[in-house]
file data.pdb (PDB, C-alpha atoms and all ligand atoms)
ATOM      1  CA  MET A  60      47.384 -69.342  -8.972  1.00  0.00           C
ATOM      2  CA  ARG A  61      48.737 -70.171 -12.396  1.00  0.00           C
ATOM      3  CA  GLN A  62      48.103 -73.877 -11.864  1.00  0.00           C
ATOM      4  CA  GLU A  63      44.496 -73.211 -10.943  1.00  0.00           C
ATOM      5  CA  ILE A  64      43.963 -71.175 -14.098  1.00  0.00           C
ATOM      6  CA  PHE A  65      45.375 -73.883 -16.334  1.00  0.00           C
ATOM      7  CA  GLN A  66      43.403 -76.789 -14.967  1.00  0.00           C
ATOM      8  CA  GLU A  67      42.408 -79.053 -17.789  1.00  0.00           C
ATOM      9  CA  GLY A  68      38.797 -78.155 -18.544  1.00  0.00           C
ATOM     10  CA  ILE A  69      39.204 -74.494 -17.774  1.00  0.00           C
ATOM     11  CA  ALA A  70      42.244 -74.203 -19.991  1.00  0.00           C
ATOM     12  CA  VAL A  71      40.463 -75.805 -22.941  1.00  0.00           C
ATOM     13  CA  GLU A  72      37.485 -73.500 -22.474  1.00  0.00           C
ATOM     14  CA  ALA A  73      39.737 -70.481 -22.109  1.00  0.00           C
ATOM     15  CA  PHE A  74      41.479 -71.309 -25.378  1.00  0.00           C
ATOM     16  CA  ARG A  75      38.159 -71.628 -27.209  1.00  0.00           C
ATOM     17  CA  VAL A  76      36.890 -68.320 -25.870  1.00  0.00           C
ATOM     18  CA  GLY A  77      40.276 -66.680 -26.276  1.00  0.00           C
ATOM     19  CA  VAL A  78      40.492 -65.178 -22.803  1.00  0.00           C
ATOM     20  CA  ILE A  79      43.647 -66.596 -21.302  1.00  0.00           C
ATOM     21  CA  MET A  80      44.515 -64.253 -18.462  1.00  0.00           C
ATOM     22  CA  LYS A  81      48.197 -63.942 -17.857  1.00  0.00           C
ATOM     23  CA  GLU A  82      49.997 -62.624 -14.865  1.00  0.00           C
ATOM     24  CA  LYS A  83      52.183 -59.673 -15.692  1.00  0.00           C
ATOM     25  CA  ASP A  84      55.728 -60.912 -15.867  1.00  0.00           C
ATOM     26  CA  ILE A  85      58.926 -59.003 -16.285  1.00  0.00           C
ATOM     27  CA  LEU A  86      59.958 -61.399 -19.032  1.00  0.00           C
ATOM     28  CA  PRO A  87      57.254 -61.603 -21.688  1.00  0.00           C
ATOM     29  CA  THR A  88      56.245 -65.101 -22.686  1.00  0.00           C
ATOM     30  CA  PRO A  89      54.458 -66.120 -25.887  1.00  0.00           C
ATOM     31  CA  ASN A  90      50.663 -66.308 -25.996  1.00  0.00           C
ATOM     32  CA  SER A  91      50.727 -69.121 -28.527  1.00  0.00           C
ATOM     33  CA  ARG A  92      50.160 -72.653 -27.291  1.00  0.00           C
ATOM     34  CA  PHE A  93      50.343 -76.211 -28.448  1.00  0.00           C
ATOM     35  CA  LEU A  94      47.208 -78.341 -28.307  1.00  0.00           C
ATOM     36  CA  ARG A  95      46.685 -82.057 -27.972  1.00  0.00           C
ATOM     37  CA  VAL A  96      43.724 -82.883 -30.198  1.00  0.00           C
ATOM     38  CA  SER A  97      42.005 -86.114 -31.103  1.00  0.00           C
ATOM     39  CA  CYS A  98      40.604 -86.845 -34.549  1.00  0.00           C
ATOM     40  CA  THR A  99      36.825 -87.225 -34.656  1.00  0.00           C
ATOM     41  CA  GLU A 100      37.092 -89.814 -37.436  1.00  0.00           C
ATOM     42  CA  CYS A 101      39.751 -92.228 -36.214  1.00  0.00           C
ATOM     43  CA  ASN A 102      40.317 -91.118 -32.565  1.00  0.00           C
ATOM     44  CA  SER A 103      44.087 -90.851 -32.934  1.00  0.00           C
ATOM     45  CA  SER A 104      45.583 -87.975 -30.971  1.00  0.00           C
ATOM     46  CA  GLN A 105      48.305 -85.637 -32.099  1.00  0.00           C
ATOM     47  CA  ILE A 106      49.849 -82.360 -31.026  1.00  0.00           C
ATOM     48  CA  ILE A 107      49.299 -79.279 -33.163  1.00  0.00           C
ATOM     49  CA  PHE A 108      50.346 -75.658 -32.920  1.00  0.00           C
ATOM     50  CA  GLY A 109      47.483 -73.394 -31.864  1.00  0.00           C
ATOM     51  CA  CYS A 110      48.503 -70.656 -34.288  1.00  0.00           C
ATOM     52  CA  ALA A 111      49.130 -72.897 -37.296  1.00  0.00           C
ATOM     53  CA  SER A 112      48.933 -70.743 -40.430  1.00  0.00           C
ATOM     54  CA  THR A 113      48.291 -73.683 -42.745  1.00  0.00           C
ATOM     55  CA  THR A 114      45.734 -76.461 -42.596  1.00  0.00           C
ATOM     56  CA  VAL A 115      46.750 -79.415 -40.430  1.00  0.00           C
ATOM     57  CA  ASN A 116      45.577 -82.887 -41.396  1.00  0.00           C
ATOM     58  CA  CYS A 117      45.249 -86.016 -39.275  1.00  0.00           C
ATOM     59  CA  ARG A 118      48.341 -88.194 -39.544  1.00  0.00           C
ATOM     60  CA  ALA A 119      46.324 -91.398 -39.670  1.00  0.00           C
ATOM     61  CA  CYS A 120      43.311 -90.668 -41.886  1.00  0.00           C
ATOM     62  CA  GLY A 121      44.085 -87.285 -43.437  1.00  0.00           C
ATOM     63  CA  LYS A 122      41.015 -85.499 -42.091  1.00  0.00           C
ATOM     64  CA  GLN A 123      41.451 -81.739 -41.888  1.00  0.00           C
ATOM     65  CA  LEU A 124      41.856 -80.635 -38.265  1.00  0.00           C
ATOM     66  CA  THR A 125      42.402 -76.872 -38.436  1.00  0.00           C
ATOM     67  CA  MET A 126      41.479 -73.911 -40.570  1.00  0.00           C
ATOM     68  CA  PRO A 127      43.885 -70.952 -40.575  1.00  0.00           C
ATOM     69  CA  ARG A 128      42.670 -67.559 -39.450  1.00  0.00           C
ATOM     70  CA  GLY A 129      44.467 -64.321 -38.747  1.00  0.00           C
ATOM     71  CA  GLY A 130      45.952 -65.401 -35.428  1.00  0.00           C
ATOM     72  CA  LYS A 131      44.896 -68.570 -33.699  1.00  0.00           C
ATOM     73  CA  CYS A 132      43.719 -71.292 -36.020  1.00  0.00           C
ATOM     74  CA  ARG A 133      40.158 -72.598 -35.961  1.00  0.00           C
ATOM     75  CA  VAL A 134      40.246 -76.114 -34.520  1.00  0.00           C
ATOM     76  CA  ILE A 135      37.564 -78.283 -36.105  1.00  0.00           C
ATOM     77  CA  THR A 136      38.120 -81.350 -33.955  1.00  0.00           C
ATOM     78  CA  LYS A 137      38.153 -82.221 -30.266  1.00  0.00           C
ATOM     79  CA  ILE A 138      40.705 -80.397 -28.092  1.00  0.00           C
ATOM     80  CA  GLU A 139      41.912 -82.800 -25.397  1.00  0.00           C
ATOM     81  CA  ASP A 140      44.434 -80.621 -23.651  1.00  0.00           C
ATOM     82  CA  VAL A 141      46.180 -77.270 -23.858  1.00  0.00           C
ATOM     83  CA  LEU A 142      49.909 -77.609 -23.340  1.00  0.00           C
ATOM     84  CA  THR A 143      51.745 -74.723 -21.728  1.00  0.00           C
TER
HETATM   85 ZN    ZN B 201      41.986 -89.202 -38.199  1.00  0.00          ZN
END

call {"tool": "encode", "arguments": {"input": "data.pdb", "output": "structure tokens", "more": "lines below"}}
Ligand SMILES: [Zn+2]
result
Amino acid sequence: MRQEIFQEGIAVEAFRVGVIMKEKDILPTPNSRFLRVSCTECNSSQIIFGCASTTVNCRACGKQLTMPRGGKCRVITKIEDVLT
């Protein structure tokens, strides 16, 4: 069940829309996730925190990758994968 939900494309889409359905667990787990993104300028990939409260820049070329918002940050580059 959980594996089906977090298949690659679906997981990326779910993060964008912000509707990640979670099974009710006895032990609560965090809703925040790490993302593997690739830079649109230089194509290098890096892992960022989905709720980064500061701007995150590309390690290689310095292009801005995220804009902070109240909760989840706005990702202004290509999301390759959502890590659980
Ligand atoms: Zn770059």

call {"tool": "atom_distance", "arguments": {"input": "data.pdb", "atom1": "atom CA of Glu72 of chain A", "atom2": "atom CA of Leu124 of chain A"}}
result
17.9 Å

call {"tool": "resolve_selection", "arguments": {"input": "data.pdb", "expression": "the PyMOL selection byres (((not hetatm)) within 8 of (chain B and resi 201))", "output": "list in words"}}
result
Ser97, Cys98, Thr99, Glu100, Cys101, Asn102, Ser103, Asn116, Cys117, Arg118, Ala119, Cys120, Gly121 and Lys122 of chain A

call {"tool": "residues_around", "arguments": {"input": "data.pdb", "residues": "Thr113 of chain A", "least_positions_apart": "6", "cutoff": "12 Å", "atoms": "only C-alpha atoms", "output": "ChimeraX atom specification"}}
result
/A:107,123-134

call {"tool": "atom_distance", "arguments": {"input": "data.pdb", "atom1": "atom CA of Leu94 of chain A", "atom2": "atom CA of Ser112 of chain A"}}
result
14.4 Å

call {"tool": "atom_distance", "arguments": {"input": "data.pdb", "atom1": "atom CA of Gln105 of chain A", "atom2": "atom CA of Val71 of chain A"}}
result
15.6 Å

call {"tool": "closest_residue", "arguments": {"input": "data.pdb", "among": "A:Val96, A:Ala111, A:Asp84, A:Ser104", "to": "Val141 of chain A", "atoms": "all atoms listed in the file"}}
result
A:Val96
